[in-house]
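J.: Below you will find the structure I want to go over with you.
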Amino acid sequence: MSLQLEQVARLPDAAVWPHGQGQQQALMLLLLALTAVVLLYHATFWSMLELWSRSQTFAHGFLIVPISCWLAWRQRARLAALAPQPSRQGLLMLGALGLAWLLADAANVPVVEQYAATAMLPACVLAILGWPAVRLLAFPLAYLFLAVPFGEVFLDPLIDFTAAFTVTALQWTGVPVFRDGSHFSLPSGNWSVVEACSGLRYLIAALALGALFAHVNFHSTRRRLAVMAAALLVPILANGVRAYLIVMLGHLSNMRLAVGVDHLIYGWLFFGLVALLLFWLAARWRELPLVRAVPPAQPVRQIAGAASPRAAVRASVACLLLAALWPALALASHRDDSATLPAIVLALPDPPAWRRLPAAPIWQAPSAGAPARFAATYAGLDGNGAPVGLQLHWYARQARDAELLTHLSAPYGARWTPLAQRMQHVNLDGGSLGVRESVLAYGGERLLVWRVYRQGGIVTARPVLVKLLLAQAKLLGRRQDGADIIVFAAYDELAPPPRAHLQAFLQAALPVIEQRLQELPHGP
């Protein structure tokens, strides 16, 4: 008996799992790692929950997590029969995701933080249980990503499509209509396609329902993809039809119907009918579930590639250490955020060949937080061209909701309406410079706006580069101040945009602005 015990003790690490206990121990270690990730990144997950609670577009997030847990629970018998096979690839993935989270935290990009923190959960499954468990739980783990509030980037394309669809449908039915961007006028009244009319909330809800419906009712990859494609395309088309019907209802009733709360009620009723019809048709091609026998639990030493209990413990400890590393580094990068700086009064000398006018600018761009501001109107000394407005917003330090790139509900103010946005390349003495060009409208008046950012000594209009430079400055302890530089000029809707005039002013003003910004204090 003693000889047999001595021989067992000398077996390799991969052959000493007690029957049935190895899987339970690995699952407990996994639950511990997942709990640690949620606690360590609680601020990120809490920001997701706050968005779910205040936005109807993302309220479905409250259902995604319990549905994912239920889908994983359905696989509990098959999961318990798998041999834990910890994978170093999971640890590498967890480290890469932690680095991505750290960069997003430093650059104040919440959606990247949320995706990175959510992806850490599947990475822990891979690191502790291995690829067989990831393949078994692939859909529940992937379904979690639908809980991340994402999609606002599609608002403008969806608004544009809805407006174009509605106007085209009105023209086909003989209703005279004039379109100006997302606004259009009928003889009976004026309409506009706003954020609530974009159909984004319908699209996201249909995608979440379609993914779940396809997973539960189909096992063929082709049919699942077909249902997912229908769940994406049908809501977009249906929203265009919904907008057209609401406009027609208001037009035919002389603006008595579908212009108030009933507008939204009709929209949700229409979407509910469309979703019901879509999934009723898809159910006609549903496939019977495959009969999968649950393999009996076996001693792990009989399974090729099985790992030892110590390997699972080491993997879980490595997960905990990797997950804890990045919040600690993030805390260090924010060490100077609470430091106060003296109030700054921005003042600029007049650019060469330009003089400052006493009149205030005709437009004031909103900004987040409380940056130092400068606004003035200039005219060329040669007397040619319309006055040019200049606005400068300077942030000594940038924090969430008080930085260069912050989402604002009314980014152009309440008066002006954006008609077009694009990247425009301007030839200056130092080379070509890309600017963000916007055309704003107020009645028959137009405003041509050029916007660039200065971050880390670099002038650019690319938001991604601005965020990367901000993250670099915070993590390396360098100056993180940034400036929002805006030039604009008014013109008549029948006249060509004054691009050459803005180019001449920007050519003269940029060196003056650069010199002044370098002189400003930026703290330790």
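In the structure tokens, the first chain shown is A, the next is B, and so on; residue numbers restart at 1 for each chain, and ligands run from 1 in the order shown.
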With the cut-off set at 9 Å and counting only C-alpha atoms, tabulate each residue of stretch 105-151 of chain A with an atom at most that distance from an atom of stretch 397-411 of chain A, showing the nearest atom pair and its distance in Å to one decimal, ordered by chain and increasing number, as CSV.
T.:
```
residue,atom,partner,partner_atom,distance
A:Ala106,CA,A:Ala399,CA,8.9
A:Ala107,CA,A:Ala399,CA,8.7
A:Asn108,CA,A:Arg400,CA,5.7
A:Val109,CA,A:Arg400,CA,8.5
A:Pro110,CA,A:Arg400,CA,8.9
```
J.: List the spatial neighbours of A:Trp191 as an NGL selection string - criterion: any atom at most 12 Å away, only C-alpha atoms, same-chain residues fewer than 2 positions off excluded.
T.: :A and (163 or 166-167 or 177-189 or 193-194 or 197 or 243-244 or 246-248 or 250-251 or 255 or 258-259)
J.: Using DSSP secondary structure from the backbone, list all strand (DSSP E or B) positions within stretch 213-442 of chain A, as a PyMOL selection string.
T.: chain A and resi 354-357+372-380+388-395+399+402+417-428+431-442
J.: Might you pull out every residue within 12 Å of A:Leu209, with only C-alpha atoms counted and same-chain residues fewer than 4 positions away left off, and present them as a list of chain:residue names?
T.: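 Contacts, with the query itself left out: A:His60, A:Gly61, A:Leu63, A:Ile64, A:Ile67, A:Tyr143, A:Leu146, A:Tyr202, A:Leu203, A:Ile204, A:Ala205, A:Phe213, A:Ala214, A:His215, A:Val216, A:Asn217, A:Val227, A:Met228, A:Ala230, A:Ala231, A:Leu232, A:Pro235, A:Gly272, A:Ala275, A:Leu276, A:Leu278, A:Phe279.
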J.: Would you put the residues from that selection into a file with C-alpha atoms, as a JSON list (two decimals), in the first residue's frame?
T.:
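Contents of result-v1.json, as written:
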```json
[["chain", "number", "residue", "atom", "x", "y", "z"],
["A", 60, "HIS", "CA", -31.97, 46.10, -23.11],
["A", 61, "GLY", "CA", -28.66, 45.75, -21.23],
["A", 63, "LEU", "CA", -31.73, 41.66, -19.87],
["A", 64, "ILE", "CA", -28.48, 40.69, -21.60],
["A", 67, "ILE", "CA", -29.94, 35.84, -20.45],
["A", 143, "TYR", "CA", -23.86, 37.71, -26.12],
["A", 146, "LEU", "CA", -24.46, 43.33, -26.60],
["A", 202, "TYR", "CA", -35.23, 49.54, -32.84],
["A", 203, "LEU", "CA", -32.10, 48.27, -34.56],
["A", 204, "ILE", "CA", -30.28, 47.40, -31.33],
["A", 205, "ALA", "CA", -33.35, 45.75, -29.80],
["A", 213, "PHE", "CA", -33.78, 33.71, -31.44],
["A", 214, "ALA", "CA", -31.26, 32.39, -33.97],
["A", 215, "HIS", "CA", -29.18, 30.65, -31.30],
["A", 216, "VAL", "CA", -32.12, 28.96, -29.59],
["A", 217, "ASN", "CA", -34.07, 27.91, -32.69],
["A", 227, "VAL", "CA", -31.83, 35.50, -39.27],
["A", 228, "MET", "CA", -29.16, 37.89, -37.97],
["A", 230, "ALA", "CA", -32.77, 40.04, -41.37],
["A", 231, "ALA", "CA", -32.70, 41.38, -37.80],
["A", 232, "LEU", "CA", -30.27, 44.08, -38.98],
["A", 235, "PRO", "CA", -35.58, 47.38, -38.70],
["A", 272, "GLY", "CA", -43.65, 45.56, -32.38],
["A", 275, "ALA", "CA", -40.65, 42.29, -35.05],
["A", 276, "LEU", "CA", -43.54, 39.88, -34.45],
["A", 278, "LEU", "CA", -40.18, 38.84, -38.67],
["A", 279, "PHE", "CA", -39.76, 36.21, -35.97]]
```
J.: Determine the nearest neighbour of A:Phe271 from the options A:Arg478, A:Arg355, A:Arg373, A:Arg201, counting only C-alpha atoms.
T.: A:Arg201
J.: I'd like the contact shell of A:Tyr412 - 10 Å cut-off, only C-alpha atoms, skipping same-chain residues fewer than 4 positions apart - returned as an NGL selection string.
T.: :A and (363-367 or 408 or 416-418 or 438 or 440)
J.: Take the residues from that selection and put them in a file with all heavy atoms, as a JSON list (two decimals), in the first residue's frame.
T.:
```json
[["chain", "number", "residue", "atom", "x", "y", "z"],
["A", 363, "TRP", "N", -21.57, 83.35, -33.56],
["A", 363, "TRP", "CA", -21.86, 81.97, -33.12],
["A", 363, "TRP", "C", -20.86, 81.59, -32.04],
["A", 363, "TRP", "O", -19.69, 81.95, -32.11],
["A", 363, "TRP", "CB", -21.76, 81.02, -34.32],
["A", 363, "TRP", "CG", -21.83, 79.57, -33.96],
["A", 363, "TRP", "CD1", -22.91, 78.90, -33.46],
["A", 363, "TRP", "CD2", -20.78, 78.60, -34.07],
["A", 363, "TRP", "NE1", -22.59, 77.57, -33.25],
["A", 363, "TRP", "CE2", -21.29, 77.36, -33.63],
["A", 363, "TRP", "CE3", -19.46, 78.65, -34.51],
["A", 363, "TRP", "CZ2", -20.54, 76.19, -33.61],
["A", 363, "TRP", "CZ3", -18.69, 77.49, -34.49],
["A", 363, "TRP", "CH2", -19.24, 76.29, -34.05],
["A", 364, "GLN", "N", -21.35, 80.88, -31.03],
["A", 364, "GLN", "CA", -20.51, 80.40, -29.95],
["A", 364, "GLN", "C", -20.63, 78.89, -29.87],
["A", 364, "GLN", "O", -21.73, 78.37, -29.63],
["A", 364, "GLN", "CB", -20.92, 81.03, -28.62],
["A", 364, "GLN", "CG", -20.09, 80.56, -27.42],
["A", 364, "GLN", "CD", -18.64, 81.04, -27.48],
["A", 364, "GLN", "OE1", -18.38, 82.19, -27.76],
["A", 364, "GLN", "NE2", -17.71, 80.13, -27.25],
["A", 365, "ALA", "N", -19.55, 78.18, -30.08],
["A", 365, "ALA", "CA", -19.57, 76.72, -30.02],
["A", 365, "ALA", "C", -19.62, 76.26, -28.57],
["A", 365, "ALA", "O", -18.83, 76.73, -27.75],
["A", 365, "ALA", "CB", -18.33, 76.14, -30.71],
["A", 366, "PRO", "N", -20.53, 75.34, -28.22],
["A", 366, "PRO", "CA", -20.55, 74.82, -26.85],
["A", 366, "PRO", "C", -19.29, 74.01, -26.55],
["A", 366, "PRO", "O", -18.65, 73.47, -27.45],
["A", 366, "PRO", "CB", -21.80, 73.91, -26.84],
["A", 366, "PRO", "CG", -22.59, 74.30, -28.05],
["A", 366, "PRO", "CD", -21.60, 74.77, -29.06],
["A", 367, "SER", "N", -18.94, 73.93, -25.29],
["A", 367, "SER", "CA", -17.78, 73.13, -24.86],
["A", 367, "SER", "C", -18.10, 72.47, -23.54],
["A", 367, "SER", "O", -18.95, 72.93, -22.78],
["A", 367, "SER", "CB", -16.53, 74.02, -24.73],
["A", 367, "SER", "OG", -16.74, 75.03, -23.76],
["A", 408, "LEU", "N", -21.65, 66.01, -26.80],
["A", 408, "LEU", "CA", -22.60, 67.01, -26.34],
["A", 408, "LEU", "C", -23.94, 66.78, -27.02],
["A", 408, "LEU", "O", -23.99, 66.42, -28.21],
["A", 408, "LEU", "CB", -22.10, 68.42, -26.66],
["A", 408, "LEU", "CG", -20.75, 68.83, -26.03],
["A", 408, "LEU", "CD1", -20.31, 70.18, -26.57],
["A", 408, "LEU", "CD2", -20.86, 68.87, -24.52],
["A", 416, "TRP", "N", -28.34, 76.89, -34.60],
["A", 416, "TRP", "CA", -27.82, 76.44, -35.88],
["A", 416, "TRP", "C", -28.03, 74.93, -36.05],
["A", 416, "TRP", "O", -27.88, 74.16, -35.12],
["A", 416, "TRP", "CB", -26.34, 76.76, -35.98],
["A", 416, "TRP", "CG", -26.06, 78.24, -35.99],
["A", 416, "TRP", "CD1", -25.86, 79.04, -34.91],
["A", 416, "TRP", "CD2", -25.99, 79.08, -37.14],
["A", 416, "TRP", "NE1", -25.66, 80.34, -35.30],
["A", 416, "TRP", "CE2", -25.72, 80.40, -36.68],
["A", 416, "TRP", "CE3", -26.11, 78.86, -38.52],
["A", 416, "TRP", "CZ2", -25.57, 81.47, -37.53],
["A", 416, "TRP", "CZ3", -25.96, 79.93, -39.37],
["A", 416, "TRP", "CH2", -25.71, 81.21, -38.89],
["A", 417, "THR", "N", -28.32, 74.54, -37.30],
["A", 417, "THR", "CA", -28.57, 73.15, -37.65],
["A", 417, "THR", "C", -27.47, 72.66, -38.58],
["A", 417, "THR", "O", -27.20, 73.30, -39.60],
["A", 417, "THR", "CB", -29.93, 72.99, -38.34],
["A", 417, "THR", "OG1", -30.96, 73.47, -37.47],
["A", 417, "THR", "CG2", -30.20, 71.54, -38.68],
["A", 418, "PRO", "N", -26.81, 71.53, -38.28],
["A", 418, "PRO", "CA", -25.77, 71.02, -39.18],
["A", 418, "PRO", "C", -26.38, 70.44, -40.46],
["A", 418, "PRO", "O", -27.33, 69.67, -40.41],
["A", 418, "PRO", "CB", -25.08, 69.95, -38.35],
["A", 418, "PRO", "CG", -26.10, 69.51, -37.36],
["A", 418, "PRO", "CD", -26.95, 70.71, -37.07],
["A", 438, "SER", "N", -17.71, 71.75, -41.19],
["A", 438, "SER", "CA", -19.16, 71.64, -40.97],
["A", 438, "SER", "C", -19.85, 72.82, -41.63],
["A", 438, "SER", "O", -19.32, 73.94, -41.61],
["A", 438, "SER", "CB", -19.50, 71.60, -39.47],
["A", 438, "SER", "OG", -18.85, 70.53, -38.82],
["A", 440, "LEU", "N", -23.31, 74.84, -41.24],
["A", 440, "LEU", "CA", -24.45, 75.05, -40.36],
["A", 440, "LEU", "C", -25.44, 75.98, -41.04],
["A", 440, "LEU", "O", -25.05, 76.83, -41.86],
["A", 440, "LEU", "CB", -24.01, 75.65, -39.02],
["A", 440, "LEU", "CG", -22.87, 74.94, -38.29],
["A", 440, "LEU", "CD1", -22.61, 75.60, -36.95],
["A", 440, "LEU", "CD2", -23.16, 73.46, -38.11]]
```
J.: Can you tell me which residues surround A:Val317 at a distance of at most 10 Å, considering only C-alpha atoms, apart from same-chain residues fewer than 5 positions away, and format the answer as a list in words?
T.: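 After dropping sequence-adjacent residues, the list is Leu29, Leu32, Ala33, Ile128, Ala311, Ala312, Leu322 and Ala323 of chain A.
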J.: Compile the contact shell of A:Asp105 as a ChimeraX atom specification: residues with an atom at most 10 Å away, counting only C-alpha atoms, same-chain residues fewer than 4 positions apart removed.
T.: /A:44,99-101,109-114,326-327,330-331,333-334,399-400,471,474
J.: Could you dump the residues just selected with N, CA and C atoms as a short mmCIF file (atom, residue, chain, number, x, y, z; two decimals), in the first residue's frame?
T.:
```
data_model
loop_
_atom_site.label_atom_id
_atom_site.label_comp_id
_atom_site.auth_asym_id
_atom_site.auth_seq_id
_atom_site.Cartn_x
_atom_site.Cartn_y
_atom_site.Cartn_z
N THR A 44 -16.16 50.81 -14.33
CA THR A 44 -16.48 50.64 -15.74
C THR A 44 -17.83 49.96 -15.91
N LEU A 99 -4.23 46.28 -21.06
CA LEU A 99 -3.53 47.42 -21.64
C LEU A 99 -4.48 48.31 -22.43
N ALA A 100 -5.38 47.69 -23.19
CA ALA A 100 -6.37 48.47 -23.94
C ALA A 100 -7.26 49.26 -22.99
N TRP A 101 -7.66 48.63 -21.88
CA TRP A 101 -8.47 49.33 -20.88
C TRP A 101 -7.72 50.51 -20.28
N VAL A 109 -12.10 57.20 -23.02
CA VAL A 109 -12.94 56.60 -24.06
C VAL A 109 -13.76 55.49 -23.39
N PRO A 110 -14.92 55.81 -22.82
CA PRO A 110 -15.66 54.84 -22.03
C PRO A 110 -16.05 53.58 -22.79
N VAL A 111 -16.42 53.70 -24.07
CA VAL A 111 -16.89 52.52 -24.79
C VAL A 111 -15.77 51.50 -24.95
N VAL A 112 -14.53 51.95 -25.15
CA VAL A 112 -13.41 51.01 -25.25
C VAL A 112 -13.13 50.38 -23.89
N GLU A 113 -13.22 51.18 -22.83
CA GLU A 113 -13.08 50.62 -21.48
C GLU A 113 -14.11 49.51 -21.25
N GLN A 114 -15.35 49.76 -21.64
CA GLN A 114 -16.42 48.81 -21.38
C GLN A 114 -16.25 47.53 -22.18
N TRP A 326 -3.73 46.68 -13.95
CA TRP A 326 -4.10 47.85 -14.76
C TRP A 326 -4.86 48.92 -13.96
N PRO A 327 -5.78 48.57 -13.07
CA PRO A 327 -6.39 49.63 -12.23
C PRO A 327 -5.36 50.35 -11.36
N ALA A 330 -3.68 52.77 -13.60
CA ALA A 330 -4.62 53.86 -13.90
C ALA A 330 -4.70 54.83 -12.73
N LEU A 331 -4.69 54.30 -11.51
CA LEU A 331 -4.73 55.18 -10.33
C LEU A 331 -3.50 56.07 -10.29
N SER A 333 -1.80 57.08 -12.90
CA SER A 333 -1.87 58.06 -13.99
C SER A 333 -2.78 59.22 -13.67
N HIS A 334 -3.68 59.06 -12.70
CA HIS A 334 -4.62 60.12 -12.33
C HIS A 334 -4.16 60.87 -11.08
N ALA A 399 -10.27 65.74 -18.11
CA ALA A 399 -10.91 64.65 -17.38
C ALA A 399 -12.20 64.30 -18.09
N ARG A 400 -12.79 63.22 -17.69
CA ARG A 400 -14.02 62.78 -18.33
C ARG A 400 -15.10 63.86 -18.21
N ALA A 471 -3.65 59.91 -23.95
CA ALA A 471 -3.28 58.75 -23.15
C ALA A 471 -1.78 58.69 -22.93
N LYS A 474 -0.78 61.28 -20.23
CA LYS A 474 -1.16 60.91 -18.86
C LYS A 474 -0.29 59.78 -18.32
#
```
J.: Quick one: everything within 12 Å of A:Leu320, counting only C-alpha atoms, minus sequence neighbours fewer than 3 positions away in the same chain. Send it as a ChimeraX atom specification.
T.: /A:29-40,91,94-95,98,120-121,123-124,127-128,313-317,323-327
J.: Between atom CA of A:Leu269 and atom CA of A:Arg242, what is the distance, to one decimal in Å?
T.: 9.9 Å
J.: Based on DSSP run over this structure's backbone, return all residues of stretch 329-424 of chain A in helix (DSSP H, G or I), as a PyMOL selection string.
T.: chain A and resi 329-333
J.: Of the candidates A:Ala360, A:Ala117, A:Leu82, A:Ala147, which shows the shortest atom-to-atom distance to A:Trp52, using only C-alpha atoms?
T.: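 Of A:Ala360, A:Ala117, A:Leu82, A:Ala147, the one nearest A:Trp52, counting only C-alpha atoms, is A:Ala147.
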J.: Considering only C-alpha atoms, can you say which of A:Leu103, A:Ala508, A:Leu129, A:Ala96 comes closest to A:Ala81?
T.: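 Closest to A:Ala81, using only C-alpha atoms: A:Leu129.
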J.: So, counting only C-alpha atoms, which residue among A:Ser432, A:Gln56, A:Gln503, A:Ser47 is closest to A:Tyr115?
T.: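 Smallest distance to A:Tyr115 is found for A:Ser47.
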J.: Could you tell me how far atom CA of A:Gly434 lies from atom CA of A:Thr460, in Å and to one decimal?
T.: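 Between atom CA of A:Gly434 and atom CA of A:Thr460 the gap is 6.7 Å.
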J.: Please report the interatomic distance between atom CA of A:Gln507 and atom CA of A:Leu390 in Å with one decimal.
T.: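 Distance between the two atoms: 12.8 Å.
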